[in-house]
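Visitor: The structure is given below, and queries will be raised subsequently.
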Amino acid sequence: MENINTPRASGVEFLNLSVWGQFQRGLSNLLGIPISLYDGQGSLLSSPVKLETISGLLRGFDKDAAATEVYTKAVLKAVASGDAYIYKRRNDRHIFVVPVSLGRETSVAVVGGEFSLAAADEEREFLKSLANLGLSEGELLRLERGPQKGITHENVFSVLDTVRGMAVPFLKGLYSMGVRGEFAAKTGQEGSRVFDTMERIFNSILTVSGEEEFYDKVLSESTALVGAEQGSIMVLDKASASLVVKAAKGAKKKVIENIRVKVGQGIAGSIAEKGSPLFVTDIEAEMPSRKNRPGYKTRSFMAIPLKMGSKVIGVLNITDKITGEVFSKEDLRFLLFLSNYASIVIERDTCQNLNEELRVLSVTDSLTGILNRRYFQEKLIEEVERAKRYNEYFTLFMIDIDDFKVFNDRYGHLAGDEMLKSVANAIKGAIRSIDAVARYGGEEFTVILPYTRKKDAFIIAERVRKGVEQVKLPPESFSASERVTISIGVAEFPQDARNVEELVFNADRTMYFAKTMGKNRVYVYER
């Protein structure tokens with residue numbers, strides 16, 4: 001995160017921009033748009049980072065250079081009005097500004113964008129276009145419901161709600177701790193310890209790998225921060241509308257790992273339903289219908305919703321102060337501050353997983369799991385350019401399953417799909433790690449063999465052909481007298497072609513020649 005140091009308005013120096021920068025990065029990836037921070041006078045405090053989001057990956061929300069005065073003017077207008085402001089720049093480019101009042105004379109502004117606003121039907125058309133990347137209807141639906149679906153006229157206010165619900169309290173908490181830390185440093189009090197602890201927590205959470213380790217770390221740091229012996233993190237499972245325990249302290253994991261709490265039921269379910277924190281000093285006095293449960297030493301506890309904007313995604317439960325005292329309002333403020341950051345990281349990891357899945361889906365064939373034609377064409381162009389630039393060579397296979405239509409008509413499409421998957425696996429198992437296999441279309445496959453002459457490629461092609469001959473399909477979809485065979489055409493660049501189109505044409509023509517010569521054989525292109 002690049003931080004820009006500029007003359008700041010009074011009080012902004014109490015903001016720790018390093019801690020904010022981590023939060024800003026997560027929020028930016030979550031919303032799919034650049035996020036930055038300005039002071040109340042319109043000077044940049046924390047600049048945006050390059051996005052790695054579904055929106056950025058597929059839609060190219062690249063920000064053209066914005067004039068400084070435009071952003072300054074938008075920030076000043078939002079700060080003066082005290083309300084969020086959406087500003088249209090040009091070419092359907094927008095930014096939004098959310099002002100944050102930190103004190104009587106201290107304000108900052110969260111700026112989002114630049115981004116394009118689309119109508120809902122345009123967004124749906126965009127999602128439909130993803131089908132060209134091999135995405136199934138279920139995957140499209142998941143993306144449409146997911147957290148990174150681009151900004152439409154209809155959901156821009158939801159984005160603003162998320163920024164208000166998460167970034168605003170985070171900045172206020174960060175500022176409050178900075179002020180307390182400064183006061184403590186001057187008076188010699190121990191209050192600055194909390195600020196240092198928070199920064200350590202954020203840094204430590206960022207280094208964890210894996211979901212289980214992350215939840216354990218958040219819970220461990222949360223209980224340590226307020227001196228608690230027991231606690232748990234429950235995350236909302238949308239499919240069942242239930243809270244599922246992801247981490248627990250002070251209870252045996254096997255006992256609680258299968259616990260499911262319906263939204264609206266019990267204390268945690270009520271928190272998930274209402275979205276408001278619960279702070280109790282004495283459960284029996286404040287909630288007469290409930291008795292303190294066995295296994296809990298004190299009657300004081302806190303239950304805090306983990307929220308993404310107004311949407312609850314989980315609940316953090318904290319009980320039993322180590323000292324036996326009741327929890328304080330200060331403890332609650334610390335946990336509310338931490339919960340905002342934990343929520344961002346939870347949703348950010350979900351987004352990153354979606355991004356990775358989309359990257360894989362965008363280059364692979366959904367049936368066979370090997371590369372798709374779109375990616376093959378890009379890869380082939382790269383290989384041709386590399387060969388031209390460095391005076392090198394490579395070989396191309398065009399492969400077709402013999403009599404596939406006859407098999408498909410006889411045994412049905414499900415059996416045909418099984419054959420395609422089996423052949424793809426056989427080809428993949430017979431080539432080298434540096435080679436790239438793709439499904440070209442229908443029953444056709446192709447293989448790119450870098451740094452390989454036709455003479456050596458012929459040996460590999462024979463290995464592929466024999467490997468496919470060994471494919472065994474279930475008896476119900478294949479008679480004992482039948483076997484799977486392929487025909488392969490081989491061509492080399494640049495010996496056999498001057499460009500991509502000619503190379504594919506010559507390899508394909510040679511493959512069909514192999515078919516006319518009896519099938520189940522390899523032929524090498526000759527001029």
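Labels used: A, B, ... for chains in the order of the structure tokens, numbers from 1 for residues in each chain, and numbers from 1 for ligands as shown.
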Please identify the strand (DSSP E) residues within region 262-433 of chain A (assignment by DSSP from backbone atoms) and present them as a PyMOL selection string.
Guide: chain A and resi 262+278-280+301-308+311-321+394-401
Visitor: Compare A:Leu225, A:Val406, A:Leu30, A:Ala74 by their minimum atom-to-atom distance to Glu330 (chain A), counting only C-alpha atoms, and give me the closest one.
Guide: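 Among the listed residues, A:Leu225 lies closest to Glu330 (chain A).
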Visitor: Compare A:Gly113, A:Ser242, A:Tyr341, A:Ala272 by their minimum atom-to-atom distance to Gln22 (chain A), counting only C-alpha atoms, and give me the closest one.
Guide: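 Using only C-alpha atoms, Gln22 (chain A) sits closest to A:Tyr341.
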Visitor: So which one's closest to Lys311 (chain A), A:Glu212, A:Glu286, A:Asp508, A:Asp161? Using only C-alpha atoms, please.
Guide: A:Asp161
Visitor: Any idea what's packed within 12 Å of Gln41 (chain A), counting only C-alpha atoms, ignoring anything in its chain fewer than 2 positions away? Could you give it as number ranges by chain?
Guide: A: 6-10, 12, 37-39, 43-45, 69, 71-80, 99, 105-109
Visitor: Quick one: distance from CA of Lys321 (chain A) to CA of Thr223 (chain A) in Å, one decimal?
Guide: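 Going from CA of Lys321 (chain A) over to CA of Thr223 (chain A) covers 8.9 Å.
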Visitor: Just the residues within 6 Å of Ile313 (chain A), please, counting only C-alpha atoms, with nothing from its chain fewer than 3 positions along; format it as a ChimeraX atom specification.
Guide: /A:235-236,306-307
Visitor: Create the file for the chosen residues now, containing C-alpha atoms and written as a short mmCIF file (atom, residue, chain, number, x, y, z; two decimals), in the first residue's frame.
Guide:
```
data_model
loop_
_atom_site.label_atom_id
_atom_site.label_comp_id
_atom_site.auth_asym_id
_atom_site.auth_seq_id
_atom_site.Cartn_x
_atom_site.Cartn_y
_atom_site.Cartn_z
CA VAL A 235 -20.16 -18.22 10.42
CA LEU A 236 -23.46 -18.09 8.56
CA LEU A 306 -19.53 -9.98 11.97
CA LYS A 307 -21.04 -7.80 9.27
#
```
Visitor: Excluding Lys388 (chain A) and any residue of its chain fewer than 3 positions from it, enumerate the residues within 10 Å of it, using only C-alpha atoms, and give them as a PDB file with all heavy atoms, in the first residue's frame.
Guide:
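New file out.pdb:
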```pdb
ATOM      1  N   GLU A 382       1.346 -17.045 -28.603  1.00  0.00           N
ATOM      2  CA  GLU A 382       2.550 -16.775 -27.799  1.00  0.00           C
ATOM      3  C   GLU A 382       3.723 -17.628 -28.269  1.00  0.00           C
ATOM      4  O   GLU A 382       4.864 -17.145 -28.359  1.00  0.00           O
ATOM      5  CB  GLU A 382       2.262 -17.064 -26.321  1.00  0.00           C
ATOM      6  CG  GLU A 382       1.342 -16.070 -25.651  1.00  0.00           C
ATOM      7  CD  GLU A 382       1.033 -16.464 -24.220  1.00  0.00           C
ATOM      8  OE1 GLU A 382       1.615 -17.454 -23.730  1.00  0.00           O
ATOM      9  OE2 GLU A 382       0.188 -15.796 -23.582  1.00  0.00           O
ATOM     10  N   GLU A 383       3.450 -18.905 -28.564  1.00  0.00           N
ATOM     11  CA  GLU A 383       4.521 -19.806 -29.003  1.00  0.00           C
ATOM     12  C   GLU A 383       5.079 -19.376 -30.351  1.00  0.00           C
ATOM     13  O   GLU A 383       6.290 -19.431 -30.585  1.00  0.00           O
ATOM     14  CB  GLU A 383       3.998 -21.241 -29.080  1.00  0.00           C
ATOM     15  CG  GLU A 383       3.840 -21.920 -27.746  1.00  0.00           C
ATOM     16  CD  GLU A 383       5.159 -22.076 -26.999  1.00  0.00           C
ATOM     17  OE1 GLU A 383       6.194 -22.352 -27.650  1.00  0.00           O
ATOM     18  OE2 GLU A 383       5.169 -21.917 -25.777  1.00  0.00           O
ATOM     19  N   VAL A 384       4.206 -18.947 -31.267  1.00  0.00           N
ATOM     20  CA  VAL A 384       4.661 -18.485 -32.575  1.00  0.00           C
ATOM     21  C   VAL A 384       5.534 -17.239 -32.426  1.00  0.00           C
ATOM     22  O   VAL A 384       6.613 -17.140 -33.038  1.00  0.00           O
ATOM     23  CB  VAL A 384       3.454 -18.201 -33.503  1.00  0.00           C
ATOM     24  CG1 VAL A 384       3.892 -17.415 -34.740  1.00  0.00           C
ATOM     25  CG2 VAL A 384       2.788 -19.504 -33.915  1.00  0.00           C
ATOM     26  N   GLU A 385       5.092 -16.286 -31.598  1.00  0.00           N
ATOM     27  CA  GLU A 385       5.878 -15.061 -31.386  1.00  0.00           C
ATOM     28  C   GLU A 385       7.215 -15.367 -30.730  1.00  0.00           C
ATOM     29  O   GLU A 385       8.241 -14.773 -31.078  1.00  0.00           O
ATOM     30  CB  GLU A 385       5.070 -14.078 -30.533  1.00  0.00           C
ATOM     31  CG  GLU A 385       3.831 -13.522 -31.224  1.00  0.00           C
ATOM     32  CD  GLU A 385       4.171 -12.845 -32.533  1.00  0.00           C
ATOM     33  OE1 GLU A 385       5.151 -12.059 -32.565  1.00  0.00           O
ATOM     34  OE2 GLU A 385       3.480 -13.110 -33.540  1.00  0.00           O
ATOM     35  N   ASN A 391      14.276 -17.323 -32.762  1.00  0.00           N
ATOM     36  CA  ASN A 391      14.708 -18.255 -33.799  1.00  0.00           C
ATOM     37  C   ASN A 391      14.640 -19.704 -33.303  1.00  0.00           C
ATOM     38  O   ASN A 391      15.602 -20.470 -33.440  1.00  0.00           O
ATOM     39  CB  ASN A 391      16.138 -17.904 -34.265  1.00  0.00           C
ATOM     40  CG  ASN A 391      16.493 -18.603 -35.563  1.00  0.00           C
ATOM     41  OD1 ASN A 391      15.620 -18.891 -36.390  1.00  0.00           O
ATOM     42  ND2 ASN A 391      17.765 -18.901 -35.745  1.00  0.00           N
ATOM     43  N   GLU A 392      13.489 -20.048 -32.718  1.00  0.00           N
ATOM     44  CA  GLU A 392      13.313 -21.394 -32.171  1.00  0.00           C
ATOM     45  C   GLU A 392      12.200 -22.117 -32.932  1.00  0.00           C
ATOM     46  O   GLU A 392      11.796 -21.685 -34.020  1.00  0.00           O
ATOM     47  CB  GLU A 392      13.006 -21.309 -30.681  1.00  0.00           C
ATOM     48  CG  GLU A 392      14.200 -20.826 -29.857  1.00  0.00           C
ATOM     49  CD  GLU A 392      13.888 -20.676 -28.377  1.00  0.00           C
ATOM     50  OE1 GLU A 392      12.690 -20.754 -28.021  1.00  0.00           O
ATOM     51  OE2 GLU A 392      14.826 -20.469 -27.592  1.00  0.00           O
ATOM     52  N   TYR A 393      11.693 -23.197 -32.379  1.00  0.00           N
ATOM     53  CA  TYR A 393      10.723 -24.039 -33.079  1.00  0.00           C
ATOM     54  C   TYR A 393       9.843 -24.747 -32.057  1.00  0.00           C
ATOM     55  O   TYR A 393      10.168 -24.843 -30.872  1.00  0.00           O
ATOM     56  CB  TYR A 393      11.458 -25.077 -33.939  1.00  0.00           C
ATOM     57  CG  TYR A 393      12.555 -25.786 -33.189  1.00  0.00           C
ATOM     58  CD1 TYR A 393      12.284 -26.896 -32.394  1.00  0.00           C
ATOM     59  CD2 TYR A 393      13.873 -25.316 -33.241  1.00  0.00           C
ATOM     60  CE1 TYR A 393      13.282 -27.526 -31.671  1.00  0.00           C
ATOM     61  CE2 TYR A 393      14.881 -25.937 -32.520  1.00  0.00           C
ATOM     62  CZ  TYR A 393      14.572 -27.039 -31.735  1.00  0.00           C
ATOM     63  OH  TYR A 393      15.574 -27.659 -31.016  1.00  0.00           O
ATOM     64  N   PHE A 493       6.509 -25.654 -36.493  1.00  0.00           N
ATOM     65  CA  PHE A 493       6.722 -24.239 -36.787  1.00  0.00           C
ATOM     66  C   PHE A 493       8.180 -23.890 -36.487  1.00  0.00           C
ATOM     67  O   PHE A 493       8.713 -24.288 -35.447  1.00  0.00           O
ATOM     68  CB  PHE A 493       5.811 -23.364 -35.924  1.00  0.00           C
ATOM     69  CG  PHE A 493       5.885 -21.904 -36.273  1.00  0.00           C
ATOM     70  CD1 PHE A 493       5.072 -21.368 -37.252  1.00  0.00           C
ATOM     71  CD2 PHE A 493       6.803 -21.067 -35.652  1.00  0.00           C
ATOM     72  CE1 PHE A 493       5.152 -20.024 -37.588  1.00  0.00           C
ATOM     73  CE2 PHE A 493       6.895 -19.732 -35.988  1.00  0.00           C
ATOM     74  CZ  PHE A 493       6.058 -19.207 -36.956  1.00  0.00           C
ATOM     75  N   PRO A 494       8.856 -23.154 -37.397  1.00  0.00           N
ATOM     76  CA  PRO A 494       8.350 -22.514 -38.619  1.00  0.00           C
ATOM     77  C   PRO A 494       8.577 -23.342 -39.891  1.00  0.00           C
ATOM     78  O   PRO A 494       8.297 -22.853 -40.989  1.00  0.00           O
ATOM     79  CB  PRO A 494       9.166 -21.229 -38.663  1.00  0.00           C
ATOM     80  CG  PRO A 494      10.480 -21.624 -38.082  1.00  0.00           C
ATOM     81  CD  PRO A 494      10.181 -22.650 -37.014  1.00  0.00           C
ATOM     82  N   ARG A 498       4.086 -20.421 -41.947  1.00  0.00           N
ATOM     83  CA  ARG A 498       4.595 -19.066 -41.730  1.00  0.00           C
ATOM     84  C   ARG A 498       3.837 -18.325 -40.636  1.00  0.00           C
ATOM     85  O   ARG A 498       4.302 -17.306 -40.143  1.00  0.00           O
ATOM     86  CB  ARG A 498       4.487 -18.266 -43.041  1.00  0.00           C
ATOM     87  CG  ARG A 498       5.408 -18.755 -44.150  1.00  0.00           C
ATOM     88  CD  ARG A 498       4.980 -18.197 -45.489  1.00  0.00           C
ATOM     89  NE  ARG A 498       3.651 -18.695 -45.874  1.00  0.00           N
ATOM     90  CZ  ARG A 498       3.035 -18.351 -47.007  1.00  0.00           C
ATOM     91  NH1 ARG A 498       3.611 -17.504 -47.848  1.00  0.00           N
ATOM     92  NH2 ARG A 498       1.831 -18.843 -47.278  1.00  0.00           N
ATOM     93  N   ASN A 499       2.658 -18.849 -40.259  1.00  0.00           N
ATOM     94  CA  ASN A 499       1.851 -18.179 -39.245  1.00  0.00           C
ATOM     95  C   ASN A 499       0.961 -19.199 -38.539  1.00  0.00           C
ATOM     96  O   ASN A 499       0.978 -20.397 -38.865  1.00  0.00           O
ATOM     97  CB  ASN A 499       1.009 -17.068 -39.862  1.00  0.00           C
ATOM     98  CG  ASN A 499       0.190 -17.553 -41.051  1.00  0.00           C
ATOM     99  OD1 ASN A 499      -0.469 -18.585 -40.980  1.00  0.00           O
ATOM    100  ND2 ASN A 499       0.270 -16.809 -42.156  1.00  0.00           N
TER     101      ASN A 499
END
```
Visitor: What lies within 10 Å of Ser300 (chain A) using only C-alpha atoms, ignoring chain neighbours under 2 positions off, as a PDB file with N, CA and C atoms, in the first residue's frame?
Guide:
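The result, written out as part-v4.pdb:
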```
ATOM      1  N   PHE A 279     -24.194  -6.919  24.851  1.00  0.00           N
ATOM      2  CA  PHE A 279     -23.230  -6.741  25.927  1.00  0.00           C
ATOM      3  C   PHE A 279     -23.949  -7.012  27.247  1.00  0.00           C
ATOM      4  N   VAL A 280     -23.537  -8.045  27.973  1.00  0.00           N
ATOM      5  CA  VAL A 280     -24.222  -8.463  29.195  1.00  0.00           C
ATOM      6  C   VAL A 280     -23.215  -8.507  30.348  1.00  0.00           C
ATOM      7  N   THR A 281     -23.553  -7.848  31.435  1.00  0.00           N
ATOM      8  CA  THR A 281     -22.696  -7.912  32.626  1.00  0.00           C
ATOM      9  C   THR A 281     -23.145  -9.020  33.580  1.00  0.00           C
ATOM     10  N   ASP A 282     -24.445  -9.322  33.574  1.00  0.00           N
ATOM     11  CA  ASP A 282     -24.983 -10.386  34.433  1.00  0.00           C
ATOM     12  C   ASP A 282     -26.182 -11.008  33.719  1.00  0.00           C
ATOM     13  N   ILE A 283     -25.989 -12.176  33.147  1.00  0.00           N
ATOM     14  CA  ILE A 283     -27.030 -12.790  32.320  1.00  0.00           C
ATOM     15  C   ILE A 283     -28.312 -13.069  33.115  1.00  0.00           C
ATOM     16  N   GLU A 284     -28.188 -13.446  34.391  1.00  0.00           N
ATOM     17  CA  GLU A 284     -29.373 -13.789  35.174  1.00  0.00           C
ATOM     18  C   GLU A 284     -30.159 -12.546  35.579  1.00  0.00           C
ATOM     19  N   ASN A 292     -27.279 -18.873  34.055  1.00  0.00           N
ATOM     20  CA  ASN A 292     -25.899 -19.061  33.612  1.00  0.00           C
ATOM     21  C   ASN A 292     -25.655 -20.551  33.358  1.00  0.00           C
ATOM     22  N   TYR A 296     -19.459 -22.184  32.540  1.00  0.00           N
ATOM     23  CA  TYR A 296     -19.091 -20.775  32.455  1.00  0.00           C
ATOM     24  C   TYR A 296     -18.870 -20.227  33.858  1.00  0.00           C
ATOM     25  N   LYS A 297     -17.734 -19.570  34.061  1.00  0.00           N
ATOM     26  CA  LYS A 297     -17.351 -19.099  35.383  1.00  0.00           C
ATOM     27  C   LYS A 297     -18.049 -17.802  35.775  1.00  0.00           C
ATOM     28  N   THR A 298     -18.305 -16.944  34.807  1.00  0.00           N
ATOM     29  CA  THR A 298     -18.919 -15.654  35.114  1.00  0.00           C
ATOM     30  C   THR A 298     -20.229 -15.499  34.353  1.00  0.00           C
ATOM     31  N   MET A 302     -20.093 -11.222  25.783  1.00  0.00           N
ATOM     32  CA  MET A 302     -20.343 -10.332  24.650  1.00  0.00           C
ATOM     33  C   MET A 302     -20.578 -11.183  23.407  1.00  0.00           C
ATOM     34  N   ILE A 318     -17.777 -14.041  23.112  1.00  0.00           N
ATOM     35  CA  ILE A 318     -16.686 -13.960  24.088  1.00  0.00           C
ATOM     36  C   ILE A 318     -17.263 -14.073  25.492  1.00  0.00           C
ATOM     37  N   THR A 319     -16.706 -14.989  26.308  1.00  0.00           N
ATOM     38  CA  THR A 319     -17.199 -15.172  27.679  1.00  0.00           C
ATOM     39  C   THR A 319     -16.036 -15.358  28.648  1.00  0.00           C
ATOM     40  N   ASP A 320     -16.341 -15.196  29.956  1.00  0.00           N
ATOM     41  CA  ASP A 320     -15.432 -15.494  31.071  1.00  0.00           C
ATOM     42  C   ASP A 320     -14.129 -14.702  31.050  1.00  0.00           C
ATOM     43  N   LYS A 321     -14.182 -13.522  31.661  1.00  0.00           N
ATOM     44  CA  LYS A 321     -12.972 -12.730  31.879  1.00  0.00           C
ATOM     45  C   LYS A 321     -12.046 -13.515  32.810  1.00  0.00           C
ATOM     46  N   GLY A 324     -12.200 -12.833  36.422  1.00  0.00           N
ATOM     47  CA  GLY A 324     -13.488 -13.032  37.079  1.00  0.00           C
ATOM     48  C   GLY A 324     -14.351 -11.788  37.094  1.00  0.00           C
ATOM     49  N   GLU A 325     -13.838 -10.695  36.532  1.00  0.00           N
ATOM     50  CA  GLU A 325     -14.596  -9.446  36.482  1.00  0.00           C
ATOM     51  C   GLU A 325     -15.584  -9.477  35.322  1.00  0.00           C
ATOM     52  N   VAL A 326     -16.444  -8.462  35.268  1.00  0.00           N
ATOM     53  CA  VAL A 326     -17.347  -8.332  34.128  1.00  0.00           C
ATOM     54  C   VAL A 326     -16.594  -7.621  33.001  1.00  0.00           C
ATOM     55  N   PHE A 327     -17.067  -7.853  31.782  1.00  0.00           N
ATOM     56  CA  PHE A 327     -16.471  -7.151  30.657  1.00  0.00           C
ATOM     57  C   PHE A 327     -16.879  -5.685  30.704  1.00  0.00           C
ATOM     58  N   SER A 328     -16.026  -4.832  30.124  1.00  0.00           N
ATOM     59  CA  SER A 328     -16.280  -3.392  30.144  1.00  0.00           C
ATOM     60  C   SER A 328     -16.725  -2.901  28.775  1.00  0.00           C
TER      61      SER A 328
END
```
Visitor: May I ask which of the residues A:Tyr440, A:Trp20, A:Phe404, A:Phe115 is the closest one to Ala167 (chain A), counting only C-alpha atoms?
Guide: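 Selected residue with least distance to Ala167 (chain A): A:Trp20.
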Visitor: I want to know what sits within 12 Å of Arg333 (chain A), based on only C-alpha atoms, with residues of the same chain fewer than 4 positions away left out; could you give that as a list in words?
Guide: Pro169, Phe170, Lys172, Gly173, Leu174, Ser176, Met177, Val194, Ser222, Leu225, Val226, Pro277, Leu278, Phe279, Met302, Ile304, Phe327, Ser328, Lys329, Phe337, Leu338, Ser339 and Asn340 of chain A
Visitor: Work out how far CA of Gly489 (chain A) is from CA of Ala514 (chain A), in Å to one decimal.
Guide: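 Interatomic distance here is 7.0 Å.
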Visitor: With DSSP run on the backbone, what are the helix (DSSP H, G or I) residues within region 379-513 of chain A? I'd like them as a VMD selection string.
Guide: chain A and resid 379 to 390 404 to 411 413 to 430 454 to 469 475 to 477 500 to 513
Visitor: To one decimal in Å, tell me the separation between CA of Gly26 (chain A) and CA of Ser47 (chain A).
Guide: 13.6 Å
